[in-house]
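Q: Shown below is the structure under consideration.
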Amino acid sequence: MASPATRRIVGAAMTGATYGAAALAIVPLAAILVMLLTRGAGSLDWDFFTRSAVPVGEPGGGFAHAIVGTLLVVGVACAIGIPIGVGAGIFLAEFGGGRFGWVVRFVADTLNGTPSIVIGIFAWAWIVRPAGRFTALAGSVALACILAPLVARTTEEMVRLVPNSLREAALALGYPRWRTSLTVVARTARAGIVTGCLVAIARVAGETAPLLFTALGNQFFSTNLLQPIAALPLQIYVYALGPYEEWHRQAWAGALVLILLVLILGTIARVATRSRHERA
Amino acid sequence: MVTAAVPRLAVERLTAWYGDAAGIRDVNLAFEANRVSALIGPSGCGKSTLLRCLNRMHELVPDARVEGRVLLDGHDIYAPGVNPIAVRRTVGMVFQKPTPFPTMSIAENVAAGLKVGPPVSRSERDAVVERALRRAALWDEVKDRLHHSPLALSGGQQQRLCVARSIAPEPEVLLLDEPTASLDPLGAARIEELVHELKREFTVVIVTHNLQQAARVSDVTSFFYLGALIETGPTAQLFTAPVQPQTEAYITGRFG
């Protein structure tokens, strides 16, 4: 048995080590934020949010087209991908024991491991080529293909965490199996499901590769889902590679906006889904 | 006056399987209306399995099946065409650990069973909630916070909430699966008092590990051992003059 003094020292050392590890984990995030703020914040002005790109040489101009484009493309991707993903996740957790469940899980895992550029090529071959043009919708479909399997697997994990005693309590009240899953189990797992969706949305909002040959990008403001559309990652990509100092500054600002967008989205969704009963 | 000529619930030659293993074997037992029947026995003796056969919860376990008959008011609940959901609405159940639905308020919890029944108006619903909470001896403690989370309640209050939720849809039979196992002595005492009240309106079957509890609350006690019904009889008689040597050994604390 160690002496009390030794225990105190070991305890303090271990506590210090965990603090150190936590600090190390924060370093990259803090570094990214600090860098984006120092390089990008200076270019953030009213014009940046309200104006679209202007021809080279002309002063001003902004990212409004790209911001709206990202919101639109990601929004439509969510409308397609989240219902499929959440539904599949609930199915996998509640009824996915059989062969079909195994197949669904395998497909989801394979999709999760597929490089996003491959999914972009898939969307190009199946939607862009037959339609004969690049469209925002094709970009949304490509992003939905990334979103749905991610959401499905996190939803499955969250639904599995719901104690079986709650399922039994609902079934013993005469709830049918499907209703138990939807009204009791899924509702109980809701906070976790929402978090999973947010992580997935944050992931696809920053995707560039699947949009390259689907949404393509657009220097002009557009909200037409059947036309090429700008998106923040695409605009950042083009501007960062461009030869102009002004473009570089705007690319930094665009990166900052992308991060802030994800943060704001997350905060809103968190607040909106906090149930009045979960505070207790 | 003749009471309970026909048992409300009768089990005939019931064998419940988990895959190839029988949880209970060839059990015959009757539960009379407005009586509290206790099922006692050491862990793994099959008393909870029997209880779960009475509202068709047993079959939810993968590979589980049932042979024999369970007659509710003379009708076999395992007959072809009988909907297990309808059975569960007639035979309510309360579990070992309190299981309030965490996303619902106290009132919503009590009314949860009504959602899968015939539609009720809002005022009817409120009346049912109040009545169920009163019968579960919880109304005075929660009437001012009906729309708050049930998770702020104590364990004993949560368990009474679960009783209220089970009786709100007006079942005929109430199954209690070790309802006080996770409660402190005070909470357990409140539940026991409640059981006395409940038998006026319901047929109550209670599984318990606590022999004193069985002696206090039940009218009839059945002793199970290794999946078989060893002995059943009026509680006073079973505890004072058991017929079977195994029963005597168990209630005097020599095993189990």
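By convention in this document, the chains of the structure tokens carry letters A, B, ... by their order, each chain's residues are numbered from 1, and ligands are numbered from 1 in the order they are shown.
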Taking only C-alpha atoms into account, produce a table as a tab-separated table in which each residue of chain A with an atom at most 12 Å from an atom of chain B appears once, together with its shortest atom pair and the distance in Å to one decimal, ordered by chain and rising number.
A:
```
residue	atom	partner	partner_atom	distance
A:Phe95	CA	B:Pro62	CA	11.8
A:Gly97	CA	B:Pro62	CA	10.4
A:Gly98	CA	B:Pro62	CA	11.7
A:Val162	CA	B:Pro102	CA	10.5
A:Pro163	CA	B:Thr99	CA	9.4
A:Asn164	CA	B:Thr99	CA	9.9
A:Ser165	CA	B:Thr99	CA	6.6
A:Leu166	CA	B:Thr99	CA	5.9
A:Arg167	CA	B:Thr99	CA	9.4
A:Glu168	CA	B:Met57	CA	8.1
A:Ala169	CA	B:Thr99	CA	6.6
A:Ala170	CA	B:Gly113	CA	8.1
A:Leu171	CA	B:Arg88	CA	7.7
A:Ala172	CA	B:Arg88	CA	5.6
A:Leu173	CA	B:Gly113	CA	5.4
A:Gly174	CA	B:Ile85	CA	4.7
A:Tyr175	CA	B:Val116	CA	6.3
A:Pro176	CA	B:Ile85	CA	6.6
A:Arg177	CA	B:Ile85	CA	9.3
A:Arg179	CA	B:Val116	CA	9.1
A:Thr180	CA	B:Val116	CA	10.5
A:Thr183	CA	B:Thr103	CA	9.4
A:Val184	CA	B:Phe101	CA	7.0
A:Val185	CA	B:Phe101	CA	9.1
A:Ala186	CA	B:Thr103	CA	10.0
A:Arg187	CA	B:Thr103	CA	6.6
A:Thr188	CA	B:Thr103	CA	5.9
A:Ala189	CA	B:Thr103	CA	9.3
A:Arg190	CA	B:Thr103	CA	9.2
A:Ala191	CA	B:Thr103	CA	10.5
A:Thr273	CA	B:Thr103	CA	11.5
A:Arg274	CA	B:Thr103	CA	10.4
A:Ser275	CA	B:Thr103	CA	7.4
A:Arg276	CA	B:His148	CA	8.0
A:His277	CA	B:Ser149	CA	4.7
A:Glu278	CA	B:Thr103	CA	6.8
A:Arg279	CA	B:Ser149	CA	7.9
A:Ala280	CA	B:Ala152	CA	5.8
```
Q: Give me, as a VMD selection string, all polymer residues having an atom no more than 8 Å from segment 132-134 of chain A, counting only C-alpha atoms and skipping those fewer than 4 positions away in the same chain.
A: chain A and resid 128 138 213 to 216 226 to 228
Q: Store the residues picked out above, limited to C-alpha atoms, as an mmCIF file, in the first residue's frame.
A:
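Generated output (part.cif):
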```cif
data_model
loop_
_atom_site.group_PDB
_atom_site.id
_atom_site.type_symbol
_atom_site.label_atom_id
_atom_site.label_comp_id
_atom_site.auth_asym_id
_atom_site.auth_seq_id
_atom_site.Cartn_x
_atom_site.Cartn_y
_atom_site.Cartn_z
ATOM 1 C CA VAL A 128 -25.193 15.552 -64.337
ATOM 2 C CA ALA A 138 -26.841 17.156 -58.240
ATOM 3 C CA PHE A 213 -18.455 18.093 -60.878
ATOM 4 C CA THR A 214 -21.993 18.506 -59.652
ATOM 5 C CA ALA A 215 -22.797 22.037 -58.424
ATOM 6 C CA LEU A 216 -19.699 23.236 -60.305
ATOM 7 C CA LEU A 226 -31.446 23.328 -61.700
ATOM 8 C CA GLN A 227 -28.500 25.584 -62.527
ATOM 9 C CA PRO A 228 -24.879 25.524 -61.384
#
```
Q: From the set B:Thr252, B:Thr15, B:Thr49, B:Thr203, which residue has the shortest atom-to-atom contact distance to Gly68 of chain B, counting only C-alpha atoms?
A: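 Looking at the shortest contact to Gly68 of chain B, the residue is B:Thr15.
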Q: Report as a VMD selection string all protein, DNA and RNA residues lying within 8 Å of Arg160 of chain B, evaluated on only C-alpha atoms, omitting residues in the same chain fewer than 4 positions from it.
A: chain B and resid 136 to 138 156 164 191
Q: Within 7 Å of Leu234 of chain A, counting only C-alpha atoms, which residues qualify if same-chain residues fewer than 3 places away don't, as a PyMOL selection string?
A: chain A and resi 208+217+230-231+237-238
Q: Could you save the residues just selected, with C-alpha atoms, as a tab-separated table (two decimals), in the first residue's frame?
A:
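Everything below was put into out_34.tsv:
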```
chain	number	residue	atom	x	y	z
A	208	THR	CA	-15.46	20.38	-51.86
A	217	GLY	CA	-19.65	26.72	-58.80
A	230	ALA	CA	-21.71	28.65	-55.94
A	231	ALA	CA	-20.72	27.14	-52.61
A	237	TYR	CA	-10.86	26.68	-53.46
A	238	VAL	CA	-10.97	28.90	-56.54
```
Q: Between B:Cys45, B:Ala30, B:Ile251, B:Ala241, which one has atoms that come closest to Arg8 of chain B, using only C-alpha atoms?
A: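 Answer, going by the shortest atom-to-atom distance: B:Ala30.
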Q: Between atom CA of Phe106 of chain A and atom CA of Thr154 of chain A, what distance in Å does the model show, to one decimal?
A: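 Atom CA of Thr154 of chain A lies 14.3 Å from atom CA of Phe106 of chain A.
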